[in-house]
Each structure stands twice: as structure tokens, then as C-alpha cells.
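Encoded as C-alpha cells, the structure appears first; notes follow it.
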Amino acid sequence: MAGDETGDLAEAFLREPRRYTSHQVAEMAGVPVYRARRFWRALGFPNVADDAVEFTDSDVEALKTLIGMVSDGVYDEEHVLLMARSLGRATARLAESQAELGAEALDQAGVPLAERPKAWRRRAERVVPDLARLLTYSWQRQLAAAAGRLAVQDMSTVRLAVGFADLVGFTRLSRQITETELATLVDRFEGRSADAVTSYGGRVVKTLGDSVLFVADKSHAAAEIGLRLLETHARDRGMPQLRVGLAAGPVIWRMGDVFGTTVNLASRLTALALPGTILADPELAEELEGDRAFGLRPVNRLSVRGLGELAPFTVARVENP
């Protein structure tokens with residue numbers, strides 16, 4: 001009975017019946033099953049038993065679409081696999097967070113465990129169409145913005161201002177509060193950090209619970225974001241102090257993530273910054289020189305692990321410049 005309930009629940013979210021095995025789907029898409037499984041694994045889906053009836057008509061269409069992008073020359077197969085991995089990672093995280101929110105809503109409503117499968121099916125019927133529309137809308141907006149940036153940018157020489165913001169003493173604090181309190185604190189930190197970054201034209205690359213990595217096209221924007229992060233979280237009495245590291249220079253931008261010496265430098269400077277302060281590398285500080293919105297103060301030369309000695313600057317806001 002439990003297995004039937006799980007199957008019914010899966011189909012409630014898939015919104016169509018499962019009727020095919022992996023071999024049948026591969027045959028309908030016109031590819032050997034080993035090739036079909038490469039695409040499924042890239043999307044984050046595990047292999048299933050040969051006789052398992054797990055696939056829907058949408059699985060067939062999705063596989064045909066991926067194969068078609070290769071055969072039409074839109075991408076080569078390796079690029080399609082990279083795209084599929086990126087899509088799989090992003091949607092897996094999105095799905096986990098939405099499922100958690102759904103579970104919390106059922107908890108708050110006091111729905112008994114025995115009634116959860118039926119409640120989940122009702123929820124699927126109500127929210128899946130809306131979420132699908134919002135997902136498409138948000139993705140198209142983000143794609144338009146990203147394509148607009150890259151259309152006028154040489155991918156081999158991307159230059160950005162990179163920032164890390166890190167909660168001081170987070171590990172110690174996490175041992176002193178309950179799991180519920182910790183989850184609430186992380187939600188507040190990530191939400192307010194994202195607001196501060198995006199409100200000034202920056203882009204959140206990733207969050208890691210107690211830290212956020214962001215980028216901006218200009219050093220002024222990165223410095224403003226760093227200060228806004230400090231100011232925003234300082235108003236929250238329950239939030240640990242923040243410290244920020246900034247660096248400017250060439251970065252490797254790949255599949256939604258950034259790499260390279262500039263990123264490493266921003267991370268190292270964050271670890272060296274005092275609580276409640278911003279530490280910037282000389283290149284970013286030089287770009288801020290003459291900008292009356294910020295006050296720069298050199299600090300003693302520091303040994304930056306893996307990068308040698310550096311003479312960084314603190315960045316502060318100048319009131320009424």
C-alpha cells in the first residue's frame with residue numbers, strides 16, 4: 001500500500017502516468033540505452049532497473065530534445081551534457097527547497113503523517129502548474145540578462161569585482177542553538193544577503209550557509225554591496241558579525257560559477273578581515289581611489305596563503321561625501 005501511495009504521489013507531481021521502461025524510451029528516441037543513460041545521469045537521475053516502468057511521455061520528449069540539439073548542431077554532445085548537468089543541479093536544489101517548504105506548510109497545518117500522501121497530492125494539483133510557469137518566467141528573465149552580458153564580453157578575459165561575505169563564529173554558534181533556530185538564522189542571512197547583492201546590480205554566485213560569494217561588474221558596486229551587507233546584518237541582533245573580502249581582476253566564469261586567482265584572493269582576504277570590516281586587494285582599492293563615497297585605509301602587509309604578501313586596504317563608507 002505504501003508503494004502504491006508513493007507511486008500515486010510521484011504521478012501527481014509528474015502530472016502524467018509512468019508507462020515506459022528505460023529501453024522503451026531509448027528506442028522511441030532512436031538511441032541506444034547507454035547513451036540515453038548518459039543524458040539522464042547528467043540531469044541527476046539515477047539508473048533504474050531494465051524492467052522498471054518509471055518513464056512518461058515527457059521523458060521521451062526530453063530525450064528527443066537533447067538528442068535533437070546535438071543532431072541539429074546547436075551544441076556538440078559534450079556541451080549538451082554540460083548544460084544538462086547545470087540544469088540538473090539547479091533544479092534539484094530548487095525542488096528540494098520547494099519540497100521542504102511544502103513539508104513545513106503541512107507541519108504547521110497539523111496534518112497527521114497518515115494523511116500526508118493525500119495532502120501532498122492535493123498540493124501538487126494546486127501548486128505545480130503555478131510553479132512551472134514561474135520557473136519558466138524566472139529562467140527566461142535570467143537567461144536574457146546573462147546573454148546580454150556575455151554578448152559584449154570576451155569569455156577568455158572576463159574581468160569582475162569578486163566579494164566574499166562570511167559570518168564570524170558561525171560554527172561555534174551552531175553548537176549553541178537548536179536546529180530550528182539555526183535554519184531560521186541561515187534563511188535570514190541568505191535572504192537578506194541576496195537582497196543586498198541584487199539591489200545594487202551584483203549577482204549571487206552561491207551561498208554556503210554562513211557565507212555568500214558574489215560578483216559585480218564594477219568595483220564601486222562591489223564595495224557598495226559589501227557595505228550594505230555589513231549594515232544590513234548589523235541591524236539584526238541575533239546575527240553574528242560579518243566580514244567581507246573584495247578583489248578585482250580576471251576570473252574564469254564557467255557554468256554559473258567563478259574560479260581563478262581573483263576569487264581565491266577575495267576568499268583569503270575575508271578570512272583575514274576583522275569582524276565588521278571590509279578588506280580589499282590593492283587593485284580594487286586603486287579603482288576606488290577618488291571615489292568620494294568610500295574611505296580607504298592601508299593596513300600592514302599581510303601574508304596571504306598561496307598568494308604571497310599583499311598590502312590590502314580597509315573600505316568604509318564616507319558619510320555625506
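Chain labels run A, B, ... following the order of the C-alpha cells; each chain numbers its residues from 1, and ligands are numbered from 1 in the order shown.
Taking only region 52-185 of chain A, the residues that DSSP calls strand (DSSP E or B) from the backbone come to Phe55, Arg159, Leu160, Ala161, Val162, Gly163, Phe164, Ala165, Asp166 and Leu167 of chain A.
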Inset, instruction - Write out as a ChimeraX atom specification each polymer residue whose atoms come within 8 Å of region 157-167 of chain A, counting only C-alpha atoms; drop sequence neighbours fewer than 4 positions from it. - result: /A:153,210-219,222,226,229,240-253,262-263,266-267,270,284
Taking C-alpha atoms for each residue, export the selection above as a short mmCIF file (atom, residue, chain, number, x, y, z; two decimals), in the first residue's frame.
```cif
data_model
loop_
_atom_site.label_atom_id
_atom_site.label_comp_id
_atom_site.auth_asym_id
_atom_site.auth_seq_id
_atom_site.Cartn_x
_atom_site.Cartn_y
_atom_site.Cartn_z
CA GLN A 153 32.14 40.18 -23.40
CA ASP A 210 27.44 31.03 6.65
CA SER A 211 28.93 32.77 3.60
CA VAL A 212 27.99 34.28 0.26
CA LEU A 213 30.05 34.66 -2.91
CA PHE A 214 29.00 37.49 -5.22
CA VAL A 215 30.31 39.33 -8.25
CA ALA A 216 29.77 42.78 -9.75
CA ASP A 217 30.87 44.39 -12.98
CA LYS A 218 32.40 47.42 -11.22
CA SER A 219 34.46 47.87 -8.06
CA ALA A 222 31.13 45.57 -5.12
CA GLY A 226 29.94 44.85 0.86
CA LEU A 229 25.86 43.57 3.73
CA PRO A 240 26.88 37.11 14.16
CA GLN A 241 29.20 39.82 12.88
CA LEU A 242 30.08 39.77 9.21
CA ARG A 243 33.41 40.27 7.49
CA VAL A 244 33.94 40.87 3.78
CA GLY A 245 36.80 40.37 1.33
CA LEU A 246 36.90 42.08 -2.08
CA ALA A 247 39.19 41.64 -5.07
CA ALA A 248 39.13 42.76 -8.71
CA GLY A 249 40.66 41.08 -11.71
CA PRO A 250 40.27 38.36 -14.32
CA VAL A 251 38.07 35.37 -13.46
CA ILE A 252 37.10 32.13 -15.10
CA TRP A 253 33.32 32.07 -15.44
CA THR A 262 40.88 36.75 -8.07
CA VAL A 263 38.25 34.53 -6.45
CA ALA A 266 38.75 37.54 -2.17
CA SER A 267 38.24 34.39 -0.11
CA THR A 270 37.71 37.53 4.02
CA LEU A 284 40.16 47.04 -6.31
#
```
Inset, instruction - Do a neighbour search on Arg297 (chain A) at 8 Å with only C-alpha atoms, toss out local chain neighbours closer than 3 positions, and write the hits as a list in words. - result: Phe313, Thr314 and Val315 of chain A
Those residues you just picked out, can you put them in a file as an mmCIF file, in the first residue's frame with C-alpha atoms?
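The file below, part_20.cif, is the result:
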```cif
data_model
loop_
_atom_site.group_PDB
_atom_site.id
_atom_site.type_symbol
_atom_site.label_atom_id
_atom_site.label_comp_id
_atom_site.auth_asym_id
_atom_site.auth_seq_id
_atom_site.Cartn_x
_atom_site.Cartn_y
_atom_site.Cartn_z
ATOM 1 C CA PHE A 313 43.041 48.288 2.292
ATOM 2 C CA THR A 314 40.020 48.570 4.524
ATOM 3 C CA VAL A 315 36.939 50.081 2.895
#
```
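The space separating CA of Val205 (chain A) from CA of Gly256 (chain A) comes to 6.9 Å.
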Legend entry - Selected residue of minimal separation from Ala183 (chain A) among A:Lys64, A:Arg122, A:Glu100, A:Ala293, counting only C-alpha atoms: A:Glu100
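Straight-line separation from CA of Arg228 (chain A) to CA of Ala196 (chain A): 6.1 Å.
Between His79 (chain A) and the residues A:His23, A:Arg175, A:Glu283, A:Met255, the shortest atom-to-atom distance, using only C-alpha atoms, involves A:Met255.
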Inset, instruction - From region 60-206 of chain A, collect each residue whose DSSP state is helix (DSSP H, G or I) and return the set as a ChimeraX atom specification. - result: /A:60-71,77-108,113-150,155-157,170-174,179-199
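As for CA of Glu16 (chain A) and CA of Glu125 (chain A), they are spaced 11.7 Å apart.
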Inset, instruction - Check the smallest atom-to-atom distance from each of A:Arg37, A:Phe259, A:Ser22, A:Trp120 to Asp107 (chain A) using only C-alpha atoms, then report the winner. - result: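 Counting only C-alpha atoms, the residue closest to Asp107 (chain A) is A:Trp120.
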Inset, instruction - Show which residues sit within 10 Å of Ser174 (chain A), as a list in words. Count only C-alpha atoms, and ignore same-chain residues fewer than 6 positions away. - result: Glu181, Leu182, Ala183 and Leu185 of chain A
Inset, instruction - Would you mind listing what lies within 9 Å of Ala124 (chain A) as a list in words, with only C-alpha atoms counted and same-chain residues fewer than 2 positions away left out? - result: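 Neighbouring residues, sequence-local ones excluded: Leu9, Ala12, Phe13, Arg15, Ala119, Trp120, Arg121, Arg122, Arg126, Val127, Val128 and Pro129 of chain A.
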Inset, instruction - Check the smallest atom-to-atom distance from each of A:Leu288, A:Lys206, A:Asn264, A:Ala273 to Ala221 (chain A) using only C-alpha atoms, then report the winner. - result: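 Of A:Leu288, A:Lys206, A:Asn264, A:Ala273, the one nearest Ala221 (chain A), counting only C-alpha atoms, is A:Leu288.
For Leu227 (chain A), the non-local neighbours within 9 Å, defined as residues at least 3 positions apart in the same chain or in other chains and counting only C-alpha atoms, are Ala222, Ala223, Glu224, Leu230, Glu231, Thr232, Val244, Thr277, Ile278, Val315, Ala316 and Arg317 of chain A.
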Within 9 Å of Leu66 (chain A), counting only C-alpha atoms, which residues show up once you throw out same-chain ones fewer than 3 positions away? Write them as an mmCIF file with N, CA, C and O atoms, in the first residue's frame, please.
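This went into selection_39.cif:
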```
data_model
loop_
_atom_site.group_PDB
_atom_site.id
_atom_site.type_symbol
_atom_site.label_atom_id
_atom_site.label_comp_id
_atom_site.auth_asym_id
_atom_site.auth_seq_id
_atom_site.Cartn_x
_atom_site.Cartn_y
_atom_site.Cartn_z
ATOM 1 N N PHE A 39 22.618 10.976 -20.650
ATOM 2 C CA PHE A 39 21.859 12.218 -20.512
ATOM 3 C C PHE A 39 21.085 12.239 -19.202
ATOM 4 O O PHE A 39 21.016 13.274 -18.524
ATOM 5 N N GLU A 61 10.021 12.875 -24.747
ATOM 6 C CA GLU A 61 10.190 14.150 -25.430
ATOM 7 C C GLU A 61 11.468 14.859 -24.982
ATOM 8 O O GLU A 61 12.164 15.490 -25.789
ATOM 9 N N ALA A 62 11.788 14.769 -23.681
ATOM 10 C CA ALA A 62 13.004 15.404 -23.181
ATOM 11 C C ALA A 62 14.246 14.775 -23.812
ATOM 12 O O ALA A 62 15.178 15.482 -24.218
ATOM 13 N N LEU A 63 14.263 13.451 -23.903
ATOM 14 C CA LEU A 63 15.409 12.776 -24.504
ATOM 15 C C LEU A 63 15.520 13.122 -25.987
ATOM 16 O O LEU A 63 16.615 13.382 -26.495
ATOM 17 N N MET A 69 19.212 18.527 -30.161
ATOM 18 C CA MET A 69 20.137 19.647 -30.065
ATOM 19 C C MET A 69 21.521 19.272 -30.572
ATOM 20 O O MET A 69 22.251 20.108 -31.121
ATOM 21 N N VAL A 70 21.878 17.987 -30.405
ATOM 22 C CA VAL A 70 23.158 17.506 -30.930
ATOM 23 C C VAL A 70 23.081 17.307 -32.441
ATOM 24 O O VAL A 70 23.924 17.800 -33.195
ATOM 25 N N SER A 71 22.059 16.606 -32.893
ATOM 26 C CA SER A 71 21.953 16.288 -34.322
ATOM 27 C C SER A 71 21.736 17.542 -35.175
ATOM 28 O O SER A 71 22.163 17.585 -36.338
ATOM 29 N N GLU A 77 27.813 17.097 -28.329
ATOM 30 C CA GLU A 77 27.262 16.285 -27.243
ATOM 31 C C GLU A 77 27.838 16.656 -25.886
ATOM 32 O O GLU A 77 27.118 16.653 -24.880
ATOM 33 N N VAL A 80 26.034 19.645 -24.591
ATOM 34 C CA VAL A 80 24.683 19.289 -24.153
ATOM 35 C C VAL A 80 24.741 18.633 -22.779
ATOM 36 O O VAL A 80 23.911 18.909 -21.906
ATOM 37 N N LEU A 81 25.734 17.775 -22.563
ATOM 38 C CA LEU A 81 25.873 17.130 -21.257
ATOM 39 C C LEU A 81 26.204 18.155 -20.169
ATOM 40 O O LEU A 81 25.686 18.073 -19.048
ATOM 41 N N ALA A 84 23.048 19.925 -19.416
ATOM 42 C CA ALA A 84 22.149 19.062 -18.653
ATOM 43 C C ALA A 84 22.582 18.979 -17.191
ATOM 44 O O ALA A 84 21.739 19.002 -16.283
#
```
